[in-house]
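Enquirer: Sending over structure15.cif (mmCIF, C-alpha atoms).
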```cif
data_upload
loop_
_atom_site.label_atom_id
_atom_site.label_comp_id
_atom_site.auth_asym_id
_atom_site.auth_seq_id
_atom_site.Cartn_x
_atom_site.Cartn_y
_atom_site.Cartn_z
CA MET A 907 34.31 -49.31 120.07
CA GLU A 908 36.54 -50.58 117.33
CA GLU A 909 34.21 -51.04 114.40
CA ALA A 910 37.01 -52.53 112.36
CA ASN A 911 37.27 -55.49 114.71
CA MET A 912 33.58 -56.25 114.65
CA GLU A 913 32.71 -59.34 112.74
CA HIS A 914 29.45 -59.37 110.89
CA ASP A 915 28.50 -62.97 110.64
CA ALA A 916 25.49 -63.84 108.54
CA HIS A 917 23.72 -65.29 111.55
CA HIS A 918 24.67 -62.54 113.91
CA ASP A 919 23.19 -59.23 112.94
CA LEU A 920 23.17 -57.48 116.31
CA HIS A 921 24.55 -54.12 117.33
CA MET A 922 26.98 -55.85 119.62
CA THR A 923 30.00 -58.03 119.20
CA PRO A 924 29.35 -61.68 120.09
CA GLU A 925 31.56 -61.16 123.15
CA GLU A 926 29.49 -58.21 124.38
CA GLU A 927 26.30 -60.13 123.78
CA TYR A 928 27.70 -63.10 125.68
CA SER A 929 28.73 -61.00 128.69
CA SER A 930 25.43 -59.18 129.03
CA SER A 931 23.36 -62.32 128.36
CA LYS A 932 25.31 -64.14 131.02
CA LEU A 933 24.64 -61.47 133.66
CA GLY A 934 20.98 -61.31 132.67
CA MET A 935 20.71 -65.08 132.92
CA TRP A 936 22.32 -65.19 136.37
CA LEU A 937 19.97 -62.41 137.51
CA PHE A 938 17.03 -64.47 136.28
CA LEU A 939 18.37 -67.57 138.00
CA GLY A 940 18.54 -65.49 141.20
CA THR A 941 14.81 -64.74 140.91
CA GLU A 942 14.19 -68.45 140.34
CA ILE A 943 16.04 -69.29 143.56
CA MET A 944 13.84 -66.78 145.39
CA LEU A 945 10.71 -68.29 143.82
CA PHE A 946 11.58 -71.74 145.15
CA GLY A 947 12.90 -70.06 148.30
CA GLY A 948 9.40 -69.13 149.41
CA LEU A 949 8.44 -72.80 149.30
CA PHE A 950 11.63 -73.83 151.09
CA ALA A 951 10.77 -71.31 153.82
CA ALA A 952 7.26 -72.79 154.10
CA TYR A 953 8.81 -76.26 154.27
CA ALA A 954 11.15 -75.20 157.10
CA ILE A 955 8.32 -73.70 159.14
CA PHE A 956 5.85 -76.56 158.79
CA ARG A 957 8.48 -79.21 159.27
CA ALA A 958 9.51 -77.57 162.53
CA LYS A 959 5.86 -77.32 163.60
CA TYR A 960 4.76 -80.83 162.64
CA PRO A 961 7.83 -83.12 162.68
CA GLU A 962 5.80 -86.35 163.22
CA LEU A 963 3.48 -85.57 160.32
CA PHE A 964 6.44 -84.98 158.01
CA LEU A 965 8.13 -88.18 159.19
CA GLU A 966 5.02 -90.31 158.62
CA SER A 967 4.00 -88.70 155.34
CA HIS A 968 7.39 -88.84 153.68
CA GLN A 969 7.43 -92.64 154.06
CA GLU A 970 4.64 -92.74 151.45
CA LEU A 971 7.10 -91.39 148.89
CA ASN A 972 9.02 -93.80 146.72
CA ARG A 973 12.67 -93.31 147.63
CA GLU A 974 13.89 -95.51 144.74
CA MET A 975 11.94 -93.54 142.12
CA GLY A 976 13.27 -90.32 143.59
CA ALA A 977 16.82 -91.67 143.48
CA VAL A 978 16.40 -92.83 139.86
CA ASN A 979 15.16 -89.37 138.91
CA THR A 980 18.11 -87.78 140.69
CA GLY A 981 20.44 -89.96 138.63
CA ILE A 982 18.62 -89.08 135.40
CA LEU A 983 18.77 -85.37 136.13
CA ILE A 984 22.43 -85.37 137.13
CA PHE A 985 23.29 -87.33 133.96
CA SER A 986 21.30 -84.85 131.85
CA SER A 987 23.32 -82.05 133.44
CA LEU A 988 26.50 -83.85 132.38
CA THR A 989 25.35 -84.25 128.77
CA MET A 990 24.25 -80.59 128.67
CA ALA A 991 27.64 -79.45 129.98
CA ILE A 992 29.39 -81.61 127.37
CA GLY A 993 27.13 -80.05 124.72
CA VAL A 994 28.25 -76.57 125.77
CA THR A 995 31.94 -77.48 125.58
CA ALA A 996 31.33 -79.19 122.22
CA ILE A 997 29.77 -76.08 120.67
CA GLN A 998 32.52 -73.88 122.15
CA ARG A 999 34.94 -76.09 120.25
CA GLY A 1000 32.84 -75.81 117.11
CA LYS A 1001 31.63 -79.43 117.13
CA GLN A 1002 28.05 -78.81 116.04
CA MET A 1003 27.05 -82.43 115.48
CA LEU A 1004 28.28 -83.59 118.91
CA ALA A 1005 26.67 -80.56 120.60
CA GLY A 1006 23.32 -81.28 118.93
CA ILE A 1007 23.41 -84.93 119.91
CA MET A 1008 24.33 -84.08 123.51
CA ILE A 1009 21.41 -81.62 123.75
CA LEU A 1010 19.16 -84.33 122.30
CA VAL A 1011 20.32 -86.78 125.00
CA THR A 1012 19.63 -84.07 127.60
CA ILE A 1013 16.09 -83.67 126.25
CA ILE A 1014 15.51 -87.44 126.31
CA CYS A 1015 16.67 -87.51 129.95
CA GLY A 1016 14.31 -84.65 130.76
CA LEU A 1017 11.43 -86.59 129.19
CA GLY A 1018 12.47 -89.68 131.17
CA PHE A 1019 12.35 -87.60 134.33
CA GLY A 1020 8.80 -86.57 133.42
CA VAL A 1021 7.75 -90.19 132.80
CA VAL A 1022 9.03 -91.29 136.23
CA LYS A 1023 7.27 -88.32 137.82
CA TYR A 1024 4.05 -89.27 135.99
CA PHE A 1025 4.12 -92.77 137.49
CA GLU A 1026 4.97 -91.31 140.89
CA TYR A 1027 2.06 -88.88 140.89
CA GLY A 1028 -0.15 -91.67 139.53
CA SER A 1029 0.71 -94.00 142.39
CA LYS A 1030 0.08 -91.20 144.91
CA PHE A 1031 -3.36 -90.53 143.41
CA SER A 1032 -4.21 -94.25 143.38
CA HIS A 1033 -3.42 -94.30 147.11
CA HIS A 1034 -5.81 -91.35 147.47
CA ILE A 1035 -3.03 -88.95 148.28
CA TYR A 1036 -3.72 -85.50 146.88
CA PRO A 1037 -2.33 -82.00 147.42
CA ASP A 1038 -5.01 -81.38 150.06
CA THR A 1039 -4.22 -84.56 152.05
CA ASN A 1040 -2.01 -82.69 154.51
CA ILE A 1041 0.55 -79.91 154.65
CA PHE A 1042 3.40 -82.26 153.73
CA PHE A 1043 1.73 -83.39 150.52
CA SER A 1044 0.67 -79.83 149.74
CA LEU A 1045 4.33 -78.90 149.83
CA TYR A 1046 5.35 -82.09 148.02
CA PHE A 1047 3.03 -81.52 145.07
CA MET A 1048 3.70 -77.78 144.97
CA MET A 1049 7.49 -78.09 145.10
CA THR A 1050 7.86 -81.03 142.72
CA GLY A 1051 5.10 -79.62 140.49
CA LEU A 1052 6.79 -76.24 140.19
CA HIS A 1053 10.06 -78.06 139.52
CA MET A 1054 8.37 -80.22 136.88
CA LEU A 1055 7.03 -77.06 135.25
CA HIS A 1056 10.61 -75.81 135.06
CA VAL A 1057 11.67 -79.11 133.47
CA PHE A 1058 8.98 -78.66 130.80
CA VAL A 1059 10.05 -75.08 130.11
CA GLY A 1060 13.65 -76.28 129.94
CA LEU A 1061 12.65 -78.98 127.45
CA ILE A 1062 11.02 -76.39 125.17
CA VAL A 1063 14.04 -74.09 125.42
CA LEU A 1064 16.47 -76.95 124.77
CA GLY A 1065 14.29 -78.22 121.90
CA VAL A 1066 14.58 -74.88 120.11
CA ILE A 1067 18.32 -74.68 120.84
CA MET A 1068 18.82 -78.25 119.59
CA VAL A 1069 17.11 -77.53 116.27
CA MET A 1070 19.19 -74.37 115.86
CA THR A 1071 22.36 -76.30 116.72
CA PHE A 1072 21.61 -78.91 114.06
CA GLN A 1073 20.92 -76.05 111.63
CA LYS A 1074 24.50 -74.92 112.35
CA LYS A 1075 23.40 -71.57 113.78
CA PHE A 1076 26.05 -71.80 116.49
CA ASP A 1077 29.78 -72.35 116.35
CA GLU A 1078 32.93 -71.61 118.36
CA LYS A 1079 32.52 -67.86 117.69
CA TYR A 1080 28.89 -67.62 118.75
CA SER A 1081 27.33 -70.08 121.18
CA THR A 1082 25.54 -67.80 123.68
CA PRO A 1083 22.04 -69.40 123.46
CA VAL A 1084 23.47 -72.89 124.05
CA GLU A 1085 25.35 -71.66 127.12
CA MET A 1086 22.31 -69.81 128.50
CA GLY A 1087 20.10 -72.86 127.95
CA GLY A 1088 22.72 -74.89 129.77
CA LEU A 1089 22.75 -72.51 132.76
CA TYR A 1090 18.97 -72.81 133.03
CA TRP A 1091 19.04 -76.59 132.82
CA HIS A 1092 21.73 -76.80 135.51
CA LEU A 1093 19.59 -74.66 137.80
CA VAL A 1094 16.71 -77.12 137.40
CA ASP A 1095 19.15 -79.85 138.43
CA LEU A 1096 20.36 -77.73 141.34
CA VAL A 1097 16.85 -77.23 142.74
CA TRP A 1098 16.20 -80.98 142.54
CA ILE A 1099 19.44 -81.67 144.44
CA TYR A 1100 17.75 -80.00 147.45
CA LEU A 1101 14.22 -81.23 146.81
CA PHE A 1102 15.22 -84.89 146.74
CA PRO A 1103 16.71 -85.17 150.26
CA LEU A 1104 14.18 -82.76 151.80
CA LEU A 1105 11.11 -84.60 150.51
CA TYR A 1106 12.17 -88.21 149.97
CA LEU A 1107 14.94 -88.85 152.44
CA VAL A 1108 14.34 -86.90 155.62
CA GLY A 1109 10.79 -86.67 156.79
CA MET B 1013 39.86 -67.53 120.79
CA SER B 1014 37.72 -64.42 121.24
CA GLU B 1015 37.87 -62.19 124.28
CA ASN B 1016 35.16 -61.08 126.68
CA THR B 1017 34.46 -57.39 127.14
CA ASN B 1018 36.26 -57.58 130.46
CA GLY B 1019 39.33 -58.91 128.75
CA HIS B 1020 39.37 -62.50 129.99
CA GLU B 1021 39.82 -65.48 127.75
CA LYS B 1022 36.63 -67.50 127.71
CA HIS B 1023 37.33 -70.67 129.64
CA ILE B 1024 36.38 -73.95 128.01
CA THR B 1025 35.98 -76.81 130.46
CA SER B 1026 37.27 -80.17 129.31
CA TYR B 1027 35.03 -83.24 128.93
CA THR B 1028 37.20 -85.02 131.51
CA THR B 1029 36.48 -82.36 134.15
CA TYR B 1030 32.74 -82.70 133.55
CA PHE B 1031 32.95 -86.46 133.74
CA LEU B 1032 34.84 -86.35 137.05
CA VAL B 1033 32.33 -83.88 138.49
CA TRP B 1034 29.54 -86.24 137.40
CA VAL B 1035 31.24 -89.20 139.10
CA ALA B 1036 31.57 -87.12 142.29
CA LEU B 1037 27.89 -86.13 142.10
CA MET B 1038 26.82 -89.76 141.68
CA ILE B 1039 28.97 -90.89 144.63
CA LEU B 1040 27.52 -88.11 146.81
CA THR B 1041 23.99 -89.10 145.74
CA PHE B 1042 24.64 -92.71 146.73
CA ILE B 1043 26.00 -91.49 150.07
CA THR B 1044 22.88 -89.38 150.75
CA VAL B 1045 20.55 -92.25 149.89
CA TYR B 1046 22.63 -94.73 151.89
CA ILE B 1047 22.86 -92.67 155.06
CA SER B 1048 19.14 -91.89 154.88
CA TYR B 1049 18.53 -95.49 156.04
CA PHE B 1050 20.27 -94.71 159.34
CA ASP B 1051 18.85 -92.49 162.01
CA PHE B 1052 21.10 -89.78 163.40
CA GLY B 1053 18.16 -87.96 164.98
CA GLN B 1054 18.40 -84.22 164.53
CA LEU B 1055 21.64 -84.60 162.59
CA ASN B 1056 19.74 -86.26 159.69
CA ILE B 1057 18.69 -83.04 158.03
CA ALA B 1058 22.01 -81.33 158.74
CA VAL B 1059 23.97 -84.13 157.07
CA ALA B 1060 21.57 -84.30 154.11
CA MET B 1061 21.70 -80.55 153.56
CA PHE B 1062 25.48 -80.54 153.91
CA VAL B 1063 25.88 -83.19 151.21
CA ALA B 1064 23.29 -81.45 149.00
CA SER B 1065 25.22 -78.20 149.33
CA ILE B 1066 28.46 -79.86 148.25
CA LYS B 1067 26.61 -81.24 145.21
CA ALA B 1068 25.03 -77.88 144.45
CA GLY B 1069 28.44 -76.24 144.77
CA ALA B 1070 29.96 -78.70 142.31
CA VAL B 1071 27.15 -78.09 139.80
CA ALA B 1072 27.47 -74.30 140.10
CA LEU B 1073 31.28 -74.19 140.03
CA PHE B 1074 31.90 -76.61 137.16
CA PHE B 1075 28.72 -77.26 135.15
CA MET B 1076 27.67 -73.62 135.40
CA HIS B 1077 31.29 -72.41 135.02
CA LEU B 1078 31.11 -70.20 138.10
CA LYS B 1079 34.69 -71.18 138.98
CA PHE B 1080 35.91 -69.36 135.89
CA GLU B 1081 33.62 -66.33 136.10
CA ASP B 1082 34.43 -62.72 136.92
CA PRO B 1083 33.59 -61.10 140.32
CA ILE B 1084 30.40 -59.45 139.04
CA THR B 1085 28.93 -62.83 138.05
CA TRP B 1086 29.87 -64.20 141.46
CA LEU B 1087 28.00 -61.29 143.02
CA TYR B 1088 24.93 -62.06 140.89
CA ALA B 1089 25.14 -65.72 141.93
CA LEU B 1090 25.73 -65.18 145.65
CA PHE B 1091 23.35 -62.29 146.28
CA PRO B 1092 20.15 -64.37 145.94
CA ILE B 1093 21.61 -66.95 148.31
CA GLY B 1094 22.04 -64.19 150.90
CA LEU B 1095 18.44 -63.13 150.26
CA LEU B 1096 17.34 -66.75 150.61
CA PHE B 1097 18.91 -67.02 154.06
CA LEU B 1098 17.28 -63.71 155.00
CA LEU B 1099 13.89 -64.95 153.76
CA ILE B 1100 14.03 -68.30 155.54
CA GLY B 1101 15.77 -66.95 158.66
CA MET B 1102 13.38 -64.05 159.16
CA THR B 1103 10.31 -66.21 158.56
CA ILE B 1104 11.52 -68.73 161.15
CA LEU B 1105 12.37 -65.97 163.64
CA ASP B 1106 8.95 -64.42 163.16
CA THR B 1107 6.97 -67.66 163.40
CA PHE B 1108 8.65 -69.01 166.50
CA THR B 1109 8.94 -65.84 168.55
CA ARG B 1110 5.26 -64.85 168.47
CA ILE B 1111 3.66 -64.50 171.89
CA PHE B 1112 0.23 -65.10 170.41
CA PRO B 1113 0.70 -67.74 167.71
CA ILE B 1114 -1.49 -67.43 164.65
#
```
Mind converting the file's structure to structure tokens?
Expert:
Amino acid sequence: MEEANMEHDAHHDLHMTPEEEYSSSKLGMWLFLGTEIMLFGGLFAAYAIFRAKYPELFLESHQELNREMGAVNTGILIFSSLTMAIGVTAIQRGKQMLAGIMILVTIICGLGFGVVKYFEYGSKFSHHIYPDTNIFFSLYFMMTGLHMLHVFVGLIVLGVIMVMTFQKKFDEKYSTPVEMGGLYWHLVDLVWIYLFPLLYLVG
Amino acid sequence: MSENTNGHEKHITSYTTYFLVWVALMILTFITVYISYFDFGQLNIAVAMFVASIKAGAVALFFMHLKFEDPITWLYALFPIGLLFLLIGMTILDTFTRIFPI
């Protein structure tokens, strides 16, 4: 370890160089994302089994879902992934203001996603469709609910990161938290990319 | 620009690349929604999952920077997908090969 090359930034008082911290954080984050895939994987396995067992039930039930709302939410989430990615590049280039604004837009999109989901759940409940209606809706509420929970967690994480970005805690030398928050947000988008066709489009 | 511990320059993706990936994702989304109005029978789910996988690949490669990552990160990213296939595959095998179904 070349101590002489280590920079001791005011905001970075760790026993690692920013590069070392970035590398290990990145691996840790990908490992965590792997466990997240396995968490949703259990539900995807359940979906595969029950869909194969009760194809008519899945076909009938999925027609209750609002395809347009699902498509709008897909658009919102994909756009929020774009703004998050732009935010990461912005902070890597040292553009703190742009990065902060892009994370803010991402958060607004995440909230928009939640609002659409709220109306969707509301319309299901008003049609007396609940998680115990049948196996399809059990899976629907469980999968989208768990996903929604991840959106909320992502919003909290991004909220903290946004405040820190506006406080100029990150720059081109040290942007690890922004990048890790971005990876998490993209995973949330990635899960939805599969949920949308499985639940809304093919019954 | 600073170096990683493994000696690679940290890759910074351009705004243009992100924008093009986003356009591709939107087009693919429109395609999935559009073809969902047609009935290909059993092919429905295969087509939908195929398009979803292309989208997921684009998100992972570009938005999540996997394209520019080192082999160890690739291993961390691909390993759970292998486990996922094992989980789903084994569960299906088990459920549909039981002589006395539960």
Enquirer: Applying the PyMOL selection byres ((chain B) within 8 of (chain A)) to the file I just gave you, which residues come out? Please list them as a ChimeraX atom specification.
Expert: /B:1013-1017,1024-1027,1030-1031,1034,1037-1038,1041,1044-1045,1048,1056-1057,1060-1061,1064-1065,1067-1068,1071-1072,1075-1076,1085,1088-1089,1091-1093,1095-1096,1099-1100,1103-1104,1107
Enquirer: In Å, with one decimal, what is the gap from CA of Glu1026 (chain A) to CA of Val1059 (chain B)?
Expert: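 So the answer is 26.0 Å.
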Enquirer: Between A:Ser1029, A:Ser1081, A:Thr1071, A:Ser931, which has the minimum distance to Ala1005 (chain A) (counting only C-alpha atoms)?
Expert: A:Thr1071
Enquirer: Would you work out the distance separating CA of Thr1012 (chain A) from CA of Val1035 (chain B), expressed in Å to one decimal?
Expert: 17.1 Å
Enquirer: Evaluate the PyMOL selection byres ((chain A and resi 1051-1064) around 8) and record the selected residues as an MDAnalysis selection string, following the chain and residue labels used in the document.
Expert: chainID A and resid 1009 1013 1016:1017 1020 1046:1050 1065:1068 1087 1090:1091 1094 1097:1098
Enquirer: Quick one: distance from CA of Leu1105 (chain A) to CA of Ser1044 (chain A) in Å, one decimal?
Expert: 11.5 Å
Enquirer: Considering only C-alpha atoms, can you say which of B:Ala1036, B:Thr1029, B:Phe1050, B:Asp1082 comes closest to Val1063 (chain B)?
Expert: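 Using only C-alpha atoms, Val1063 (chain B) sits closest to B:Ala1036.
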Enquirer: Measuring atom to atom with all atoms listed in the file, identify which of B:Trp1086, B:Phe1074, B:Phe1062, B:Phe1080 is nearest to Ile1043 (chain B).
Expert: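 Looking only at the distances to Ile1043 (chain B), the closest residue turns out to be B:Phe1062.
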Enquirer: Identify which of the residues B:Gly1101, B:Ile1039, B:Tyr1046, B:Gly1053 lies closest to Ile1066 (chain B), counting all atoms listed in the file when measuring atom-to-atom distances.
Expert: B:Ile1039
Enquirer: Would you mind telling me which residue in A:Thr1082, A:Tyr1024, A:Cys1015, A:Phe1043 lies nearest to Lys1022 (chain B) when using only C-alpha atoms?
Expert: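 Closest residue, counting only C-alpha atoms: A:Thr1082.
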Enquirer: Rebuild region 1030-1055 of chain B to N, CA and C atoms - output it as a CSV table (one decimal), in the coordinates of the input, please.
Expert:
```csv
chain,number,residue,atom,x,y,z
B,1030,TYR,N,34.2,-82.5,133.4
B,1030,TYR,CA,32.7,-82.7,133.6
B,1030,TYR,C,32.5,-84.1,134.0
B,1031,PHE,N,33.2,-85.1,133.4
B,1031,PHE,CA,33.0,-86.5,133.7
B,1031,PHE,C,33.3,-86.7,135.2
B,1032,LEU,N,34.4,-86.2,135.7
B,1032,LEU,CA,34.8,-86.4,137.0
B,1032,LEU,C,33.8,-85.7,138.0
B,1033,VAL,N,33.3,-84.5,137.6
B,1033,VAL,CA,32.3,-83.9,138.5
B,1033,VAL,C,31.1,-84.8,138.6
B,1034,TRP,N,30.7,-85.4,137.4
B,1034,TRP,CA,29.5,-86.2,137.4
B,1034,TRP,C,29.7,-87.5,138.3
B,1035,VAL,N,30.9,-88.1,138.2
B,1035,VAL,CA,31.2,-89.2,139.1
B,1035,VAL,C,31.1,-88.8,140.6
B,1036,ALA,N,31.7,-87.6,140.9
B,1036,ALA,CA,31.6,-87.1,142.3
B,1036,ALA,C,30.1,-86.9,142.7
B,1037,LEU,N,29.3,-86.4,141.8
B,1037,LEU,CA,27.9,-86.1,142.1
B,1037,LEU,C,27.2,-87.4,142.3
B,1038,MET,N,27.5,-88.5,141.5
B,1038,MET,CA,26.8,-89.8,141.7
B,1038,MET,C,27.2,-90.4,143.0
B,1039,ILE,N,28.5,-90.3,143.4
B,1039,ILE,CA,29.0,-90.9,144.6
B,1039,ILE,C,28.3,-90.2,145.8
B,1040,LEU,N,28.2,-88.9,145.7
B,1040,LEU,CA,27.5,-88.1,146.8
B,1040,LEU,C,26.0,-88.5,146.9
B,1041,THR,N,25.4,-88.7,145.7
B,1041,THR,CA,24.0,-89.1,145.7
B,1041,THR,C,23.8,-90.4,146.4
B,1042,PHE,N,24.7,-91.4,146.1
B,1042,PHE,CA,24.6,-92.7,146.7
B,1042,PHE,C,24.8,-92.6,148.2
B,1043,ILE,N,25.8,-91.7,148.6
B,1043,ILE,CA,26.0,-91.5,150.1
B,1043,ILE,C,24.7,-91.0,150.7
B,1044,THR,N,24.1,-89.9,150.1
B,1044,THR,CA,22.9,-89.4,150.8
B,1044,THR,C,21.8,-90.4,150.9
B,1045,VAL,N,21.6,-91.2,149.8
B,1045,VAL,CA,20.6,-92.2,149.9
B,1045,VAL,C,20.9,-93.3,150.9
B,1046,TYR,N,22.2,-93.7,151.0
B,1046,TYR,CA,22.6,-94.7,151.9
B,1046,TYR,C,22.5,-94.3,153.3
B,1047,ILE,N,22.9,-93.1,153.7
B,1047,ILE,CA,22.9,-92.7,155.1
B,1047,ILE,C,21.4,-92.4,155.5
B,1048,SER,N,20.5,-92.2,154.5
B,1048,SER,CA,19.1,-91.9,154.9
B,1048,SER,C,18.5,-93.1,155.5
B,1049,TYR,N,19.1,-94.3,155.4
B,1049,TYR,CA,18.5,-95.5,156.0
B,1049,TYR,C,18.9,-95.6,157.5
B,1050,PHE,N,19.9,-94.7,157.9
B,1050,PHE,CA,20.3,-94.7,159.3
B,1050,PHE,C,19.6,-93.5,160.0
B,1051,ASP,N,19.5,-93.6,161.3
B,1051,ASP,CA,18.8,-92.5,162.0
B,1051,ASP,C,19.9,-91.8,162.9
B,1052,PHE,N,20.2,-90.6,162.6
B,1052,PHE,CA,21.1,-89.8,163.4
B,1052,PHE,C,20.3,-88.8,164.2
B,1053,GLY,N,19.0,-88.9,164.3
B,1053,GLY,CA,18.2,-88.0,165.0
B,1053,GLY,C,18.2,-86.6,164.3
B,1054,GLN,N,18.4,-85.6,165.1
B,1054,GLN,CA,18.4,-84.2,164.5
B,1054,GLN,C,19.5,-84.0,163.5
B,1055,LEU,N,20.5,-84.8,163.5
B,1055,LEU,CA,21.6,-84.6,162.6
B,1055,LEU,C,21.2,-85.0,161.2
```
